[in-house]
Every structure is written in C-alpha cells, then in structure tokens.
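Below is run-v5.cif, holding mmCIF, C-alpha atoms.
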```cif
data_protein
#
loop_
_atom_site.group_PDB
_atom_site.id
_atom_site.type_symbol
_atom_site.label_atom_id
_atom_site.label_comp_id
_atom_site.auth_asym_id
_atom_site.auth_seq_id
_atom_site.Cartn_x
_atom_site.Cartn_y
_atom_site.Cartn_z
ATOM 1 C CA MET A 23 53.696 90.200 -3.014
ATOM 2 C CA VAL A 24 50.491 89.480 -1.076
ATOM 3 C CA VAL A 25 47.608 87.701 -2.750
ATOM 4 C CA THR A 26 44.466 89.818 -2.694
ATOM 5 C CA GLN A 27 41.885 88.645 -0.170
ATOM 6 C CA GLU A 28 38.531 87.590 -1.595
ATOM 7 C CA ASN A 29 35.377 89.055 -0.067
ATOM 8 C CA VAL A 30 33.576 85.735 -0.184
ATOM 9 C CA ALA A 31 34.753 82.154 -0.037
ATOM 10 C CA VAL A 32 35.655 80.664 -3.391
ATOM 11 C CA ASN A 33 32.843 78.399 -4.700
ATOM 12 C CA GLY A 34 30.595 79.461 -1.832
ATOM 13 C CA SER A 35 30.892 77.430 1.324
ATOM 14 C CA ARG A 36 32.445 74.333 -0.253
ATOM 15 C CA ARG A 37 36.005 73.703 0.879
ATOM 16 C CA LEU A 38 38.537 73.709 -1.914
ATOM 17 C CA SER A 39 40.801 70.743 -2.599
ATOM 18 C CA PRO A 40 44.623 71.112 -2.716
ATOM 19 C CA GLN A 41 44.476 70.683 -6.500
ATOM 20 C CA GLU A 42 41.941 73.517 -6.876
ATOM 21 C CA ILE A 43 44.075 75.833 -4.753
ATOM 22 C CA ALA A 44 47.168 74.884 -6.750
ATOM 23 C CA ASP A 45 45.278 75.538 -10.011
ATOM 24 C CA THR A 46 44.179 78.969 -8.774
ATOM 25 C CA LEU A 47 47.714 79.975 -7.785
ATOM 26 C CA ARG A 48 49.064 78.502 -11.039
ATOM 27 C CA GLU A 49 46.719 80.759 -13.034
ATOM 28 C CA ARG A 50 47.859 83.793 -11.036
ATOM 29 C CA ILE A 51 51.465 82.941 -11.871
ATOM 30 C CA ARG A 52 50.739 82.443 -15.561
ATOM 31 C CA GLY A 53 48.576 85.576 -15.687
ATOM 32 C CA GLY A 54 51.315 87.730 -14.171
ATOM 33 C CA ASP A 55 49.579 88.505 -10.861
ATOM 34 C CA LEU A 56 52.420 86.605 -9.233
ATOM 35 C CA LYS A 57 55.755 87.262 -10.923
ATOM 36 C CA ALA A 58 59.116 85.513 -10.828
ATOM 37 C CA GLY A 59 60.904 86.409 -7.597
ATOM 38 C CA ASP A 60 57.720 87.368 -5.694
ATOM 39 C CA ARG A 61 57.161 85.719 -2.348
ATOM 40 C CA LEU A 62 53.925 83.860 -1.752
ATOM 41 C CA PRO A 63 51.876 84.789 1.304
ATOM 42 C CA THR A 64 52.364 82.670 4.400
ATOM 43 C CA GLN A 65 50.514 79.387 4.743
ATOM 44 C CA ALA A 66 48.300 81.010 7.380
ATOM 45 C CA GLU A 67 47.350 83.821 4.981
ATOM 46 C CA LEU A 68 46.602 81.400 2.168
ATOM 47 C CA ALA A 69 44.565 79.178 4.499
ATOM 48 C CA GLU A 70 42.507 82.212 5.550
ATOM 49 C CA GLU A 71 41.987 83.356 1.954
ATOM 50 C CA PHE A 72 40.820 79.976 0.687
ATOM 51 C CA GLY A 73 38.979 78.958 3.867
ATOM 52 C CA VAL A 74 40.920 75.736 4.374
ATOM 53 C CA GLU A 75 43.314 74.141 6.841
ATOM 54 C CA ARG A 76 47.065 74.744 6.563
ATOM 55 C CA GLY A 77 47.599 71.089 5.651
ATOM 56 C CA THR A 78 45.528 71.632 2.509
ATOM 57 C CA VAL A 79 47.665 74.656 1.612
ATOM 58 C CA ARG A 80 50.859 72.661 2.155
ATOM 59 C CA GLN A 81 49.639 69.994 -0.282
ATOM 60 C CA ALA A 82 48.871 72.678 -2.884
ATOM 61 C CA LEU A 83 52.308 74.232 -2.473
ATOM 62 C CA ARG A 84 53.969 70.843 -2.855
ATOM 63 C CA ALA A 85 52.127 70.370 -6.159
ATOM 64 C CA LEU A 86 53.374 73.757 -7.409
ATOM 65 C CA GLN A 87 56.899 72.957 -6.239
ATOM 66 C CA GLU A 88 56.859 69.661 -8.120
ATOM 67 C CA ASP A 89 55.784 71.584 -11.239
ATOM 68 C CA GLY A 90 58.879 73.777 -10.857
ATOM 69 C CA LEU A 91 56.817 76.927 -10.208
ATOM 70 C CA LEU A 92 58.209 77.618 -6.725
ATOM 71 C CA SER A 93 61.762 78.029 -5.503
ATOM 72 C CA ASN A 94 63.462 78.707 -2.156
ATOM 73 C CA VAL A 95 60.954 76.453 -0.462
ATOM 74 C CA SER A 96 61.836 76.143 3.225
ATOM 75 C CA LYS A 97 60.156 75.922 6.596
ATOM 76 C CA GLY A 98 61.420 79.313 7.634
ATOM 77 C CA SER A 99 59.831 81.578 5.038
ATOM 78 C CA PRO A 100 57.255 81.532 2.224
ATOM 79 C CA PRO A 101 58.543 80.255 -1.126
ATOM 80 C CA ARG A 102 59.252 82.481 -4.100
ATOM 81 C CA ILE A 103 57.865 82.218 -7.611
ATOM 82 C CA ALA A 104 60.551 80.485 -9.670
ATOM 83 C CA GLU A 105 62.238 82.072 -12.640
ATOM 84 C CA ARG A 106 60.907 80.474 -15.790
ATOM 85 C CA VAL A 107 62.767 80.345 -19.091
ATOM 86 C CA PRO A 108 60.354 80.657 -22.043
ATOM 87 C CA VAL A 109 59.961 77.383 -23.912
ATOM 88 C CA THR A 110 57.984 78.655 -26.889
ATOM 89 C CA GLY A 111 60.562 80.992 -28.430
ATOM 90 C CA GLU A 112 63.235 80.336 -31.001
ATOM 91 C CA PRO A 113 65.214 77.105 -30.490
ATOM 92 C CA GLN A 114 68.712 77.599 -29.115
ATOM 93 C CA PRO A 115 71.917 75.588 -29.462
ATOM 94 C CA THR A 116 71.788 72.646 -27.060
ATOM 95 C CA MET A 117 74.721 73.852 -24.983
ATOM 96 C CA VAL A 118 72.976 77.227 -24.499
ATOM 97 C CA GLY A 119 69.410 76.060 -24.007
ATOM 98 C CA LEU A 120 69.841 72.979 -21.815
ATOM 99 C CA ALA A 121 71.398 74.553 -18.694
ATOM 100 C CA PRO A 122 68.503 76.911 -17.818
ATOM 101 C CA ARG A 123 65.941 74.161 -18.405
ATOM 102 C CA LEU A 124 67.881 71.825 -16.111
ATOM 103 C CA SER A 125 68.173 74.563 -13.482
ATOM 104 C CA GLU A 126 64.410 74.961 -13.435
ATOM 105 C CA ALA A 127 63.878 71.202 -13.320
ATOM 106 C CA PHE A 128 66.162 71.042 -10.268
ATOM 107 C CA THR A 129 63.835 73.333 -8.292
ATOM 108 C CA ALA A 130 61.497 70.350 -7.891
ATOM 109 C CA PRO A 131 61.944 68.330 -4.683
ATOM 110 C CA HIS A 132 62.330 65.076 -6.609
ATOM 111 C CA VAL A 133 64.335 65.579 -9.812
ATOM 112 C CA ARG A 134 64.100 63.026 -12.608
ATOM 113 C CA ILE A 135 66.249 63.411 -15.727
ATOM 114 C CA ASP A 136 66.193 60.906 -18.592
ATOM 115 C CA ALA A 137 68.568 61.306 -21.540
ATOM 116 C CA ALA A 138 69.251 59.409 -24.761
ATOM 117 C CA CYS A 139 72.332 60.663 -26.569
ATOM 118 C CA LEU A 140 75.603 59.781 -28.298
ATOM 119 C CA THR A 141 77.745 60.879 -25.331
ATOM 120 C CA ALA A 142 76.994 62.645 -22.043
ATOM 121 C CA GLU A 143 79.168 65.664 -22.887
ATOM 122 C CA THR A 144 76.438 68.297 -23.241
ATOM 123 C CA LEU A 145 74.510 67.004 -20.226
ATOM 124 C CA MET A 146 77.692 66.901 -18.148
ATOM 125 C CA VAL A 147 78.475 70.558 -18.933
ATOM 126 C CA ALA A 148 74.887 71.806 -18.589
ATOM 127 C CA LEU A 149 74.535 70.227 -15.145
ATOM 128 C CA GLY A 150 77.177 72.654 -13.923
ATOM 129 C CA GLU A 151 74.565 75.401 -13.502
ATOM 130 C CA PRO A 152 72.059 73.538 -11.285
ATOM 131 C CA LEU A 153 74.971 72.090 -9.304
ATOM 132 C CA ARG A 154 76.248 75.613 -8.725
ATOM 133 C CA LEU A 155 72.795 76.679 -7.496
ATOM 134 C CA ILE A 156 72.690 73.715 -5.112
ATOM 135 C CA HIS A 157 76.128 74.535 -3.689
ATOM 136 C CA GLU A 158 75.207 78.184 -3.123
ATOM 137 C CA GLY A 159 71.955 77.162 -1.418
ATOM 138 C CA THR A 160 69.535 78.637 -3.954
ATOM 139 C CA ILE A 161 67.882 75.292 -4.666
ATOM 140 C CA HIS A 162 67.858 72.118 -2.597
ATOM 141 C CA PRO A 163 66.176 69.032 -4.102
ATOM 142 C CA GLU A 164 65.621 66.019 -1.884
ATOM 143 C CA SER A 165 66.431 63.431 -4.532
ATOM 144 C CA ILE A 166 67.947 63.247 -8.018
ATOM 145 C CA ASP A 167 67.359 60.290 -10.328
ATOM 146 C CA VAL A 168 69.222 60.302 -13.656
ATOM 147 C CA ARG A 169 68.937 57.629 -16.343
ATOM 148 C CA ILE A 170 71.124 57.833 -19.446
ATOM 149 C CA LEU A 171 70.985 55.760 -22.630
ATOM 150 C CA LEU A 172 74.239 55.669 -24.612
ATOM 151 C CA PRO A 173 75.270 53.506 -27.589
ATOM 152 C CA SER A 174 76.888 50.181 -26.777
ATOM 153 C CA ARG A 175 80.632 49.893 -27.283
ATOM 154 C CA ASP A 176 80.068 46.702 -29.279
ATOM 155 C CA ILE A 177 77.979 48.069 -32.141
ATOM 156 C CA ALA A 178 79.123 49.575 -35.443
ATOM 157 C CA LEU A 179 78.201 53.227 -34.994
ATOM 158 C CA ALA A 180 76.527 55.152 -37.803
ATOM 159 C CA PHE A 181 78.586 58.135 -36.613
ATOM 160 C CA PRO A 182 81.269 59.066 -35.824
ATOM 161 C CA VAL A 183 82.970 56.918 -38.473
ATOM 162 C CA PRO A 184 86.125 57.250 -40.600
ATOM 163 C CA VAL A 185 85.556 58.679 -44.075
ATOM 164 C CA GLU A 186 87.623 55.811 -45.452
ATOM 165 C CA VAL A 187 86.737 52.317 -44.282
ATOM 166 C CA LEU A 188 89.487 50.809 -42.141
ATOM 167 C CA ASP A 189 90.290 47.137 -41.635
ATOM 168 C CA ASP A 190 90.529 46.250 -37.951
ATOM 169 C CA ASP A 191 91.816 49.294 -36.099
ATOM 170 C CA ASN A 192 89.285 52.107 -35.817
ATOM 171 C CA PRO A 193 90.749 55.130 -33.980
ATOM 172 C CA VAL A 194 87.521 57.095 -34.526
ATOM 173 C CA HIS A 195 85.490 54.526 -32.619
ATOM 174 C CA GLN A 196 88.121 54.358 -29.865
ATOM 175 C CA ARG A 197 88.101 58.147 -29.570
ATOM 176 C CA TRP A 198 84.299 58.130 -29.161
ATOM 177 C CA LEU A 199 84.423 55.312 -26.611
ATOM 178 C CA THR A 200 87.068 57.074 -24.520
ATOM 179 C CA GLN A 201 85.001 60.260 -24.494
ATOM 180 C CA ARG A 202 81.770 58.392 -23.710
ATOM 181 C CA ASN A 203 83.310 56.708 -20.673
ATOM 182 C CA ALA A 204 85.211 59.745 -19.352
ATOM 183 C CA GLN A 205 82.228 62.096 -19.594
ATOM 184 C CA GLY A 206 79.940 59.538 -17.975
ATOM 185 C CA HIS A 207 82.370 59.118 -15.073
ATOM 186 C CA VAL A 208 82.581 62.881 -14.497
ATOM 187 C CA LEU A 209 78.805 63.350 -14.655
ATOM 188 C CA ARG A 210 78.172 60.530 -12.183
ATOM 189 C CA HIS A 211 80.911 61.704 -9.801
ATOM 190 C CA ASN A 212 79.640 65.311 -9.753
ATOM 191 C CA LEU A 213 76.096 64.234 -8.953
ATOM 192 C CA GLN A 214 76.952 61.538 -6.422
ATOM 193 C CA ALA A 215 79.159 63.995 -4.544
ATOM 194 C CA LEU A 216 75.915 65.726 -3.499
ATOM 195 C CA ARG A 217 75.168 62.773 -1.216
ATOM 196 C CA SER A 218 77.964 63.623 1.190
ATOM 197 C CA SER A 219 77.995 67.399 0.695
ATOM 198 C CA HIS A 220 74.226 68.068 0.868
ATOM 199 C CA GLY A 221 72.566 64.827 1.951
ATOM 200 C CA ILE A 222 70.703 64.484 -1.355
ATOM 201 C CA ASP A 223 69.562 61.019 -2.429
ATOM 202 C CA VAL A 224 71.275 60.591 -5.827
ATOM 203 C CA ASN A 225 70.894 57.727 -8.273
ATOM 204 C CA VAL A 226 72.704 57.746 -11.649
ATOM 205 C CA ARG A 227 72.260 54.813 -14.032
ATOM 206 C CA PHE A 228 73.434 54.000 -17.544
ATOM 207 C CA ARG A 229 72.202 51.488 -20.113
ATOM 208 C CA ALA A 230 73.537 50.629 -23.550
ATOM 209 C CA LEU A 231 71.588 51.153 -26.771
ATOM 210 C CA PRO A 232 71.957 48.617 -29.596
ATOM 211 C CA PHE A 233 71.847 51.444 -32.173
ATOM 212 C CA THR A 234 73.139 54.957 -32.843
ATOM 213 C CA PRO A 235 70.522 57.531 -31.780
ATOM 214 C CA PRO A 236 69.767 59.965 -34.661
ATOM 215 C CA VAL A 237 68.604 62.590 -32.153
ATOM 216 C CA LYS A 238 69.362 63.558 -28.578
ATOM 217 C CA LEU A 239 66.439 63.578 -26.170
ATOM 218 C CA TYR A 240 66.206 64.971 -22.645
ATOM 219 C CA LEU A 241 63.140 64.378 -20.454
ATOM 220 C CA LEU A 242 62.827 66.621 -17.400
ATOM 221 C CA ASN A 243 60.635 65.500 -14.506
ATOM 222 C CA GLY A 244 58.273 63.830 -16.967
ATOM 223 C CA THR A 245 56.812 67.226 -17.885
ATOM 224 C CA GLU A 246 59.163 68.566 -20.557
ATOM 225 C CA ALA A 247 60.893 66.993 -23.543
ATOM 226 C CA LEU A 248 63.906 68.587 -25.232
ATOM 227 C CA LEU A 249 64.872 67.275 -28.667
ATOM 228 C CA ALA A 250 67.794 68.066 -30.976
ATOM 229 C CA TYR A 251 68.772 66.471 -34.277
ATOM 230 C CA TYR A 252 72.314 65.238 -34.755
ATOM 231 C CA MET A 253 73.645 66.947 -37.905
ATOM 232 C CA VAL A 254 76.324 64.798 -39.557
ATOM 233 C CA THR A 255 79.285 66.647 -41.064
ATOM 234 C CA ARG A 256 82.739 65.800 -42.325
ATOM 235 C CA ARG A 257 85.597 67.111 -40.227
ATOM 236 C CA GLU A 258 89.204 66.456 -39.280
ATOM 237 C CA GLU A 259 90.751 66.205 -35.841
ATOM 238 C CA LEU A 260 94.319 65.673 -34.730
ATOM 239 C CA SER A 261 94.742 62.702 -32.388
ATOM 240 C CA ASP A 262 97.582 60.644 -30.926
ATOM 241 C CA SER A 263 97.286 58.306 -33.897
ATOM 242 C CA GLY A 264 97.406 61.139 -36.439
ATOM 243 C CA MET A 265 94.843 63.176 -38.316
ATOM 244 C CA LEU A 266 91.348 61.671 -38.179
ATOM 245 C CA ASP A 267 89.157 62.312 -41.218
ATOM 246 C CA MET A 268 85.644 61.408 -40.154
ATOM 247 C CA TYR A 269 81.916 61.910 -40.398
ATOM 248 C CA ASP A 270 80.899 63.254 -37.007
ATOM 249 C CA VAL A 271 78.310 65.402 -35.252
ATOM 250 C CA LEU A 272 78.548 68.502 -33.084
ATOM 251 C CA GLY A 273 75.752 67.793 -30.647
ATOM 252 C CA SER A 274 76.315 70.906 -28.523
ATOM 253 C CA ALA A 275 75.538 73.108 -31.531
ATOM 254 C CA SER A 276 72.347 71.262 -32.525
ATOM 255 C CA LEU A 277 69.192 73.336 -32.127
ATOM 256 C CA LEU A 278 67.187 72.284 -29.079
ATOM 257 C CA PHE A 279 63.383 72.143 -29.427
ATOM 258 C CA SER A 280 61.316 72.212 -26.247
ATOM 259 C CA PHE A 281 57.926 70.603 -25.664
ATOM 260 C CA ASP A 282 56.125 71.407 -22.407
ATOM 261 C CA GLU A 283 53.100 69.401 -21.271
ATOM 262 C CA ASN A 284 51.471 72.646 -20.106
ATOM 263 C CA ALA A 285 51.800 74.278 -23.536
ATOM 264 C CA GLY A 286 48.825 72.519 -25.101
ATOM 265 C CA GLN A 287 47.541 69.150 -26.246
ATOM 266 C CA ARG A 288 50.148 68.696 -28.968
ATOM 267 C CA ASP A 289 53.104 69.311 -26.663
ATOM 268 C CA ALA A 290 51.579 67.212 -23.889
ATOM 269 C CA ALA A 291 51.168 64.272 -26.278
ATOM 270 C CA PHE A 292 54.780 64.613 -27.459
ATOM 271 C CA VAL A 293 56.098 64.613 -23.877
ATOM 272 C CA GLU A 294 53.972 61.593 -22.969
ATOM 273 C CA GLN A 295 54.993 59.557 -26.024
ATOM 274 C CA SER A 296 58.671 60.500 -25.613
ATOM 275 C CA GLN A 297 58.616 59.285 -22.026
ATOM 276 C CA LYS A 298 56.935 56.029 -23.072
ATOM 277 C CA TRP A 299 59.535 55.559 -25.826
ATOM 278 C CA PHE A 300 62.395 56.060 -23.380
ATOM 279 C CA ASN A 301 60.879 53.760 -20.756
ATOM 280 C CA ALA A 302 60.292 51.036 -23.334
ATOM 281 C CA LEU A 303 63.928 51.130 -24.458
ATOM 282 C CA TRP A 304 65.182 51.167 -20.875
ATOM 283 C CA GLU A 305 63.113 48.109 -19.936
ATOM 284 C CA THR A 306 63.530 45.984 -23.078
ATOM 285 C CA ILE A 307 66.344 45.959 -25.665
ATOM 286 C CA THR A 308 69.002 47.947 -23.811
ATOM 287 C CA THR A 309 71.699 46.235 -21.735
ATOM 288 C CA ASP A 310 73.845 47.007 -18.704
ATOM 289 C CA LEU A 311 76.544 49.557 -19.450
ATOM 290 C CA THR A 312 79.831 49.643 -17.582
ATOM 291 C CA LEU A 313 81.957 52.764 -17.907
ATOM 292 C CA SER A 314 85.405 51.199 -18.247
#
```

File written out as structure tokens:
Amino acid sequence: MVVTQENVAVNGSRRLSPQEIADTLRERIRGGDLKAGDRLPTQAELAEEFGVERGTVRQALRALQEDGLLSNVSKGSPPRIAERVPVTGEPQPTMVGLAPRLSEAFTAPHVRIDAACLTAETLMVALGEPLRLIHEGTIHPESIDVRILLPSRDIALAFPVPVEVLDDDNPVHQRWLTQRNAQGHVLRHNLQALRSSHGIDVNVRFRALPFTPPVKLYLLNGTEALLAYYMVTRREELSDSGMLDMYDVLGSASLLFSFDENAGQRDAAFVEQSQKWFNALWETITTDLTLS
C-alpha cells in the first residue's frame, strides 16, 4: 500500500522530526489506513512526502520497529505493518495468550522479556512460536535479553505443598524444584542456540525470589505487562515416590490480563509500576540462582 502524497508540506515549511513522522505513521496504522501485512512506501517516497532527508525517515522507522509495529524490516525492501493481536478483548488462558504477545514483542530489534513466576514452564512453551518465526526468517531481532525471577530452592513455598504436613522429606517440593531447574535449562538452551544459528546477541539470567509469587507477571519490551493470578487447588499426581496429594496451581490455565502502555493512562501507569517493581526486586532482595 502506498501512502497518499500530501499537496503541501506538513506543518508548512518546517521540517518534521523523526518522532513526528513516526507519530503520523502510527496514527495511520491505528486508524486502518495502513493495515497488517501492507508494505510501507520506500524510504525515498516517505522522504519526498514529508519533505525530509532519508536519515530522518530511517530514524522514524526504527522507532516504529521498536514499538513492534513493523515486521520484515530489511535493507532490501520496505517493511510490512506487523500483525497485532488485540490486547483489550477477553482474557485468555496464559498458555494460549502468551505466545502471540511474545511473537509480536520479538519483532522489535532489541527484545527485552522480564518474567516473575513459579516455574518457567509456560514461558518455555510460549517461546516456541517466536523461535519458529526466527528460524523460518520471518522475524530477526538483533538482541534478546531475558530476566527471570523464580522462587529460591531454600524457602518454604506457599504452594505447591503437601495437603498433610510431612516431617523432613517433602516430595512435593522436590518435584517442583526438579521442574523449575529442567524448564529453566531448556528455555536458556533454546534461546542461546540462536547465537550460533542466527548471530543474535542473547542474554538469559535468573535470580531467586525469597517468597512465593502469588501471580505471574511478564513484561515485554517495557511497553506491555501481562498478569495472571495463580489459582490454588487441591489435586493428586502419581510420582516415583507414590501418589502426591497437594495444594498446587495450574499456571498455564490462569487467565492472562494484558496492559499496554498505548491503551491509555491507566494501562501506561500499570506497565510503568510493574516494571519498577520487577527492577526493584532484581536489584535488591533477590539472590543468584543456579539451575542445578
């Protein structure tokens, strides 16, 4: 799709800044003039329309790319408008709703994912979709930085816990710890493999929480916060040590609520405060976590 040429220069003879050009294109995307899958005009065409140098256009496009609004950005052809998954509709189960949000976040050149959760299981599975898109060449971030907060192995978890209090041996805690470590290893391996296969700068870090998180929180590129409540239930599971009767949570089935900084003042404040909360935990009371 070609952007309509204006008959006169925008704002008269004053040259527009990259931010103003980005804001104009952003409004065209949100208003439907530019739809998901459409190609933008070339940089030369945009420079002519807005009466600026190509360098100014490139800066504007980088800003839109960092916002996740552009995909297939390359030197060879104009970028396309990225597919966007609505964030204001009904909440979905975490396992369903997280993958498309991660896929969109991974269209940015510099991906930053922060997560606070009981285990990395849901995140590990949901990352399969953006990884698939990277391997097929649909998206190609330059860097990926992932920080994950998980409960310490040394604390008494609020959940999962045995229904009946045990003396010393706690197979429920050992089961959780084994899963926490295994899922963390797989997640880190899958992401770090992108270094050799695609030359992407990948950094995956873990820290240990001194408490059991009552919710799971995902922060995507500092612009979107996804929150789900852990719902505690009683259930049984067969293990090597026998039948485990425990109070546990099914995090993948928890409803995921999305807050987007572009959706209004209320959402923007929630995203900002959630990021500050995560950063404060990361930098203060959490400790180094080794996946044994």

Report as a compact mmCIF listing (two decimals) with C-alpha atoms, in the coordinates of the input the residues that result from applying the PyMOL selection byres ((chain A and resi 160-164) around 7) to the structure here.
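Writing done, so here's result_27.txt:
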```txt
# COMPACT_ATOMS: atom_id res chain seq x y z
CA SER A 93 61.76 78.03 -5.50
CA ASN A 94 63.46 78.71 -2.16
CA PHE A 128 66.16 71.04 -10.27
CA THR A 129 63.84 73.33 -8.29
CA ALA A 130 61.50 70.35 -7.89
CA PRO A 131 61.94 68.33 -4.68
CA HIS A 132 62.33 65.08 -6.61
CA VAL A 133 64.33 65.58 -9.81
CA LEU A 155 72.80 76.68 -7.50
CA ILE A 156 72.69 73.72 -5.11
CA GLU A 158 75.21 78.18 -3.12
CA GLY A 159 71.96 77.16 -1.42
CA SER A 165 66.43 63.43 -4.53
CA ILE A 222 70.70 64.48 -1.36
CA ASP A 223 69.56 61.02 -2.43
```

What is the atom CA of A:Ala302-atom CA of A:Val168 distance in Å, reported with one decimal?
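Answer for the atom CA of A:Ala302 to atom CA of A:Val168 separation: 16.1 Å.
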
Pairwise distance for atom CA of A:Glu143 and atom CA of A:Val271, rounded to one decimal in Å
12.4 Å

Residues near A:Val74, cut-off 10 Å, all atoms listed in the file, skip fewer than 3 positions along chain, as a ChimeraX atom specification
/A:31,36-40,43,66,68-71,77-79

So, counting only C-alpha atoms, which residue among A:Pro115, A:Gly273, A:Pro63, A:Pro173 is closest to A:Ile103?
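Nearest candidate to A:Ile103 out of A:Pro115, A:Gly273, A:Pro63, A:Pro173: A:Pro63.
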
Looking at all atoms listed in the file, which of A:Phe181, A:Tyr251, A:Phe292, A:Trp198 is the one that sits closest to A:Thr116?
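So, comparing all the options, the nearest one is A:Tyr251.
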
Would you write out, as a ChimeraX atom specification, every residue that the PyMOL selection byres ((chain A and resi 196) around 12) captures in this file?
/A:175-176,178-179,182-184,190-195,197-203,261-263,266

Given all atoms listed in the file as the counted atoms, nearest of A:Ala142, A:Ala44, A:Leu313, A:Ile135 to A:Val224
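Among A:Ala142, A:Ala44, A:Leu313, A:Ile135, it is A:Ile135 that comes nearest to A:Val224.
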
Specify as a PyMOL selection string each residue included when the PyMOL selection byres ((chain A and resi 301) around 12) is applied to this file.
chain A and resi 136-138+169-171+229+241+244+294-300+302-308

Adding 3 Å on each side of the box along x, y and z that holds all listed atoms of stretch 262-274 of chain A, could you give its centre and edge lengths in Å to one decimal, as AutoDock Vina command-line options?
```
--center_x 86.7 --center_y 64.6 --center_z -34.9 --size_x 27.8 --size_y 18.6 --size_z 18.7
```

For atom CA of A:Leu56 and atom CA of A:Gly286, the interatomic separation in Å (one decimal):
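Between atom CA of A:Leu56 and atom CA of A:Gly286 the gap works out to 21.5 Å.
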
Exercise: A:Ala215 partners within 12 Å, only C-alpha atoms, chain neighbours under 5 positions left out, as a ChimeraX atom specification:
/A:153,156-157,166,208-210,220-226

Got time to write the residues from that selection, C-alpha atoms, as a CSV table (one decimal), in the coordinates of the input?
```
chain,number,residue,atom,x,y,z
A,153,LEU,CA,75.0,72.1,-9.3
A,156,ILE,CA,72.7,73.7,-5.1
A,157,HIS,CA,76.1,74.5,-3.7
A,166,ILE,CA,67.9,63.2,-8.0
A,208,VAL,CA,82.6,62.9,-14.5
A,209,LEU,CA,78.8,63.4,-14.7
A,210,ARG,CA,78.2,60.5,-12.2
A,220,HIS,CA,74.2,68.1,0.9
A,221,GLY,CA,72.6,64.8,2.0
A,222,ILE,CA,70.7,64.5,-1.4
A,223,ASP,CA,69.6,61.0,-2.4
A,224,VAL,CA,71.3,60.6,-5.8
A,225,ASN,CA,70.9,57.7,-8.3
A,226,VAL,CA,72.7,57.7,-11.6
```

Counting only C-alpha atoms, the residue of A:Arg50, A:Gln205, A:Ala230, A:Thr245 that sits nearest A:Ala291
A:Thr245

Could you name the residues that touch A:Leu272 at 12 Å or less, counting all atoms listed in the file, but leaving out those on the same chain fewer than 6 positions away, as a list in words?
Pro115, Thr116, Met117, Cys139, Leu140, Thr141, Glu143, Thr144, Phe181, Pro182, Val237, Lys238, Ala250, Tyr251, Tyr252, Met253, Val254, Thr255, Arg256 and Arg257 of chain A

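Closest to A:Leu242 among A:Glu258, A:Glu126, A:Asp267, A:Asp289 is A:Glu126, based on all atoms listed in the file.
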
Pick from A:Ala204, A:Leu213, A:Ala180, A:Gly53, whichever lies nearest to A:Pro152 using only C-alpha atoms:
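Closest candidate: A:Leu213.
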
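For A:Glu49, the set of protein, DNA and RNA residues having any atom at most 12 Å away, when counting all atoms listed in the file and skipping those fewer than 6 positions along the same chain, is A:Glu42, A:Ile43, A:Asp55, A:Leu56, A:Lys57, A:Leu86, A:Leu91, A:Asn284.
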